$ cat protein.cif   # mmCIF, C-alpha atoms
data_entry
#
loop_
_atom_site.group_PDB
_atom_site.id
_atom_site.type_symbol
_atom_site.label_atom_id
_atom_site.label_comp_id
_atom_site.auth_asym_id
_atom_site.auth_seq_id
_atom_site.Cartn_x
_atom_site.Cartn_y
_atom_site.Cartn_z
ATOM 1 C CA MET C 1 -26.584 -1.677 2.533
ATOM 2 C CA ALA C 2 -27.197 -1.268 -1.181
ATOM 3 C CA THR C 3 -24.488 -2.261 -3.605
ATOM 4 C CA GLY C 4 -22.257 0.690 -4.458
ATOM 5 C CA SER C 5 -23.056 2.810 -1.391
ATOM 6 C CA ARG C 6 -20.102 3.631 0.852
ATOM 7 C CA VAL C 7 -19.945 4.547 4.509
ATOM 8 C CA ASP C 8 -16.232 5.343 4.270
ATOM 9 C CA PRO C 9 -13.922 7.014 3.399
ATOM 10 C CA TYR C 10 -15.429 10.160 4.822
ATOM 11 C CA ARG C 11 -15.020 13.557 3.186
ATOM 12 C CA GLY C 12 -11.396 14.756 3.276
ATOM 13 C CA PHE C 13 -9.919 11.262 3.095
ATOM 14 C CA ASN C 14 -8.564 11.185 -0.450
ATOM 15 C CA PHE C 15 -7.129 7.664 -0.612
ATOM 16 C CA ARG C 16 -8.983 4.428 -0.103
ATOM 17 C CA ILE C 17 -7.657 0.938 0.210
ATOM 18 C CA GLU C 18 -9.221 -2.062 -1.429
ATOM 19 C CA ILE C 19 -8.153 -5.554 -0.326
ATOM 20 C CA ASP C 20 -9.188 -8.462 -2.535
ATOM 21 C CA GLY C 21 -11.753 -6.196 -4.234
ATOM 22 C CA ILE C 22 -13.446 -4.963 -1.025
ATOM 23 C CA ASP C 23 -13.252 -1.365 0.318
ATOM 24 C CA ARG C 24 -11.489 -1.351 3.683
ATOM 25 C CA GLY C 25 -10.992 2.304 4.642
ATOM 26 C CA GLY C 26 -10.077 5.870 3.739
ATOM 27 C CA PHE C 27 -6.774 7.628 4.393
ATOM 28 C CA ARG C 28 -5.393 11.160 4.166
ATOM 29 C CA GLU C 29 -1.802 10.131 3.404
ATOM 30 C CA ALA C 30 -0.338 7.341 1.320
ATOM 31 C CA SER C 31 3.396 6.828 0.735
ATOM 32 C CA GLY C 32 5.707 4.100 -0.468
ATOM 33 C CA LEU C 33 4.063 3.878 -3.884
ATOM 34 C CA ASP C 34 7.397 3.532 -5.637
ATOM 35 C CA SER C 35 9.763 1.069 -7.204
ATOM 36 C CA ALA C 36 13.477 1.098 -8.021
ATOM 37 C CA GLN C 37 15.839 -0.940 -10.137
ATOM 38 C CA ASP C 38 19.526 -0.449 -9.384
ATOM 39 C CA PRO C 39 21.895 -0.940 -12.329
ATOM 40 C CA ILE C 40 24.474 -3.716 -12.239
ATOM 41 C CA GLU C 41 27.841 -2.861 -13.736
ATOM 42 C CA TYR C 42 29.316 -5.653 -15.833
ATOM 43 C CA ARG C 43 32.657 -5.698 -17.618
ATOM 44 C CA GLU C 44 33.560 -8.210 -20.251
ATOM 45 C CA GLY C 45 37.165 -9.342 -20.418
ATOM 46 C CA THR C 46 37.582 -8.164 -24.013
ATOM 47 C CA GLU C 47 36.556 -4.555 -23.324
ATOM 48 C CA ALA C 48 39.410 -2.699 -21.672
ATOM 49 C CA LEU C 49 37.996 0.178 -19.639
ATOM 50 C CA THR C 50 34.284 0.078 -20.369
ATOM 51 C CA ALA C 51 31.615 -1.322 -18.106
ATOM 52 C CA ARG C 52 28.116 -2.103 -19.294
ATOM 53 C CA LYS C 53 25.112 -1.347 -17.158
ATOM 54 C CA LEU C 54 22.444 -3.997 -16.922
ATOM 55 C CA PRO C 55 19.070 -3.743 -15.160
ATOM 56 C CA GLY C 56 19.147 -5.208 -11.646
ATOM 57 C CA LEU C 57 16.418 -6.567 -9.397
ATOM 58 C CA ASN C 58 13.165 -4.674 -8.917
ATOM 59 C CA LYS C 59 12.658 -3.309 -5.397
ATOM 60 C CA TYR C 60 9.450 -1.979 -3.879
ATOM 61 C CA SER C 61 8.984 0.120 -0.738
ATOM 62 C CA ASN C 62 6.522 -0.714 2.012
ATOM 63 C CA ILE C 63 3.208 1.066 1.525
ATOM 64 C CA SER C 64 2.363 3.362 4.416
ATOM 65 C CA LEU C 65 -1.175 4.651 4.982
ATOM 66 C CA LYS C 66 -1.739 7.394 7.573
ATOM 67 C CA TRP C 67 -4.659 9.217 9.135
ATOM 68 C CA GLY C 68 -7.139 6.517 8.241
ATOM 69 C CA THR C 69 -10.737 5.948 9.158
ATOM 70 C CA THR C 70 -13.023 2.988 8.729
ATOM 71 C CA ASP C 71 -15.822 1.245 10.542
ATOM 72 C CA ASP C 72 -14.497 -2.167 9.475
ATOM 73 C CA ALA C 73 -12.229 -4.202 11.795
ATOM 74 C CA SER C 74 -10.929 -6.486 9.041
ATOM 75 C CA LEU C 75 -7.651 -4.536 8.602
ATOM 76 C CA TRP C 76 -6.841 -5.019 12.291
ATOM 77 C CA ASP C 77 -7.906 -8.680 12.109
ATOM 78 C CA TRP C 78 -5.525 -9.157 9.159
ATOM 79 C CA ARG C 79 -2.661 -7.566 11.156
ATOM 80 C CA LYS C 80 -3.521 -9.698 14.201
ATOM 81 C CA LYS C 81 -3.092 -12.861 12.101
ATOM 82 C CA SER C 82 0.448 -11.697 11.205
ATOM 83 C CA ILE C 83 1.215 -11.008 14.866
ATOM 84 C CA ASP C 84 0.050 -14.536 15.680
ATOM 85 C CA GLY C 85 2.458 -15.972 13.066
ATOM 86 C CA LYS C 86 -0.217 -16.783 10.472
ATOM 87 C CA VAL C 87 0.791 -14.367 7.706
ATOM 88 C CA GLU C 88 -1.968 -14.138 5.126
ATOM 89 C CA ARG C 89 -0.927 -12.528 1.838
ATOM 90 C CA LYS C 90 -3.548 -10.574 -0.087
ATOM 91 C CA ASN C 91 -3.826 -8.529 -3.255
ATOM 92 C CA GLY C 92 -5.124 -4.993 -3.182
ATOM 93 C CA SER C 93 -5.077 -1.430 -4.419
ATOM 94 C CA VAL C 94 -4.458 2.050 -3.085
ATOM 95 C CA ILE C 95 -6.904 4.320 -4.883
ATOM 96 C CA LEU C 96 -6.654 8.114 -5.281
ATOM 97 C CA MET C 97 -10.033 9.857 -5.226
ATOM 98 C CA ASN C 98 -10.885 13.320 -6.567
ATOM 99 C CA ASP C 99 -13.035 15.882 -4.705
ATOM 100 C CA ALA C 100 -16.194 14.400 -6.216
ATOM 101 C CA GLY C 101 -15.340 10.969 -4.773
ATOM 102 C CA GLU C 102 -14.461 9.465 -8.155
ATOM 103 C CA GLU C 103 -11.463 7.202 -8.724
ATOM 104 C CA LYS C 104 -8.588 8.979 -10.481
ATOM 105 C CA LEU C 105 -5.565 6.673 -10.074
ATOM 106 C CA ARG C 106 -4.969 3.172 -8.773
ATOM 107 C CA TRP C 107 -1.776 1.505 -7.504
ATOM 108 C CA ASN C 108 -2.099 -2.273 -7.314
ATOM 109 C CA PHE C 109 -0.070 -4.551 -5.074
ATOM 110 C CA ARG C 110 0.004 -8.301 -4.800
ATOM 111 C CA GLU C 111 0.834 -10.740 -2.061
ATOM 112 C CA GLY C 112 1.049 -8.006 0.578
ATOM 113 C CA TRP C 113 0.581 -8.286 4.335
ATOM 114 C CA PRO C 114 0.475 -5.726 7.141
ATOM 115 C CA THR C 115 3.888 -5.322 8.786
ATOM 116 C CA LYS C 116 3.049 -2.544 11.251
ATOM 117 C CA TRP C 117 0.030 -1.002 12.923
ATOM 118 C CA THR C 118 0.036 2.208 14.944
ATOM 119 C CA GLY C 119 -3.167 3.024 16.776
ATOM 120 C CA PRO C 120 -4.570 6.483 17.423
ATOM 121 C CA SER C 121 -3.350 8.876 20.084
ATOM 122 C CA PHE C 122 -6.142 9.872 22.421
ATOM 123 C CA ASN C 123 -6.449 13.386 23.821
ATOM 124 C CA ALA C 124 -9.574 14.307 25.785
ATOM 125 C CA THR C 125 -9.009 18.023 25.134
ATOM 126 C CA GLY C 126 -8.600 17.709 21.345
#

$ encode --input "protein.cif" --output "structure tokens"
Amino acid sequence: MATGSRVDPYRGFNFRIEIDGIDRGGFREASGLDSAQDPIEYREGTEALTARKLPGLNKYSNISLKWGTTDDASLWDWRKKSIDGKVERKNGSVILMNDAGEEKLRWNFREGWPTKWTGPSFNATG
């Protein structure tokens, strides 16, 4: 396969995932691309009825990718390592594509690992 040619994601799959710089699949839905920082209230003894708000710890949601397609088994192999107790952390990106297949936005993550895998539902009439 020539450099730069892609066999996935197929048309209609608007998000792709890249793990350690390598395309791994296309997805129709991506969620969990958020972060939060709860405030910590702090009151000094010299200030009577006033509490200060300080920034707390950063928290990140789990990234969830749905309705995916790929012809590469490496995502499952990565999950299988976690199941077997050999968690392998990797860096990656969730990439939003436009209708022309060009990259529009990128959300990077670091030291991630797959925590859940749900396989397809099969229906012979669908």

$ residues_around --input "protein.cif" --residues "Lys104 of chain C" --least-positions-apart "2" --cutoff "12 Å" --atoms "all atoms listed in the file" --output "ChimeraX atom specification"
/C:14-16,94-102,106-107

$ write_last_selection --input "protein.cif" --atoms "C-alpha atoms" --output "mmCIF file, keeping the file's coordinate frame"
data_model
loop_
_atom_site.group_PDB
_atom_site.id
_atom_site.type_symbol
_atom_site.label_atom_id
_atom_site.label_comp_id
_atom_site.auth_asym_id
_atom_site.auth_seq_id
_atom_site.Cartn_x
_atom_site.Cartn_y
_atom_site.Cartn_z
ATOM 1 C CA ASN C 14 -8.564 11.185 -0.450
ATOM 2 C CA PHE C 15 -7.129 7.664 -0.612
ATOM 3 C CA ARG C 16 -8.983 4.428 -0.103
ATOM 4 C CA VAL C 94 -4.458 2.050 -3.085
ATOM 5 C CA ILE C 95 -6.904 4.320 -4.883
ATOM 6 C CA LEU C 96 -6.654 8.114 -5.281
ATOM 7 C CA MET C 97 -10.033 9.857 -5.226
ATOM 8 C CA ASN C 98 -10.885 13.320 -6.567
ATOM 9 C CA ASP C 99 -13.035 15.882 -4.705
ATOM 10 C CA ALA C 100 -16.194 14.400 -6.216
ATOM 11 C CA GLY C 101 -15.340 10.969 -4.773
ATOM 12 C CA GLU C 102 -14.461 9.465 -8.155
ATOM 13 C CA ARG C 106 -4.969 3.172 -8.773
ATOM 14 C CA TRP C 107 -1.776 1.505 -7.504
#

$ atom_distance --input "protein.cif" --atom1 "atom CA of Leu54 of chain C" --atom2 "atom CA of Glu111 of chain C"
27.1 Å

$ closest_residue --input "protein.cif" --among "C:Phe122, C:Trp78, C:Trp67, C:Phe109" --to "Gly25 of chain C" --atoms "all atoms listed in the file"
C:Trp67

$ resolve_selection --input "protein.cif" --expression "the PyMOL selection byres ((chain C and resi 56) around 6)" --output "PyMOL selection string"
chain C and resi 37-40+55+57

$ closest_residue --input "protein.cif" --among "C:Ala124, C:Leu49, C:Ile63, C:Ile22" --to "Gly112 of chain C" --atoms "only C-alpha atoms"
C:Ile63

$ closest_residue --input "protein.cif" --among "C:Asn91, C:Asn62, C:Ser74, C:Thr50" --to "Arg110 of chain C" --atoms "all atoms listed in the file"
C:Asn91

$ atom_distance --input "protein.cif" --atom1 "atom CA of Leu75 of chain C" --atom2 "atom CA of Lys116 of chain C"
11.2 Å

$ atom_distance --input "protein.cif" --atom1 "atom CA of Ile17 of chain C" --atom2 "atom CA of Ile83 of chain C"
20.9 Å

$ closest_residue --input "protein.cif" --among "C:Lys80, C:Lys53, C:Lys90, C:Lys59" --to "Trp113 of chain C" --atoms "all atoms listed in the file"
C:Lys90

$ residues_around --input "protein.cif" --residues "Ser61 of chain C" --least-positions-apart "5" --cutoff "10 Å" --atoms "only C-alpha atoms" --output "ChimeraX atom specification"
/C:31-36

$ resolve_selection --input "protein.cif" --expression "the PyMOL selection byres ((chain C and resi 66) around 6)" --output "count of residues only"
5

$ resolve_selection --input "protein.cif" --expression "the PyMOL selection byres ((chain C and resi 52) around 6)" --output "ChimeraX atom specification"
/C:41-42,51,53

$ closest_residue --input "protein.cif" --among "C:Ala30, C:Glu103, C:Trp117, C:Gly45" --to "Arg79 of chain C" --atoms "all atoms listed in the file"
C:Trp117

$ closest_residue --input "protein.cif" --among "C:Ser121, C:Thr115, C:Thr46, C:Thr69" --to "Lys81 of chain C" --atoms "only C-alpha atoms"
C:Thr115
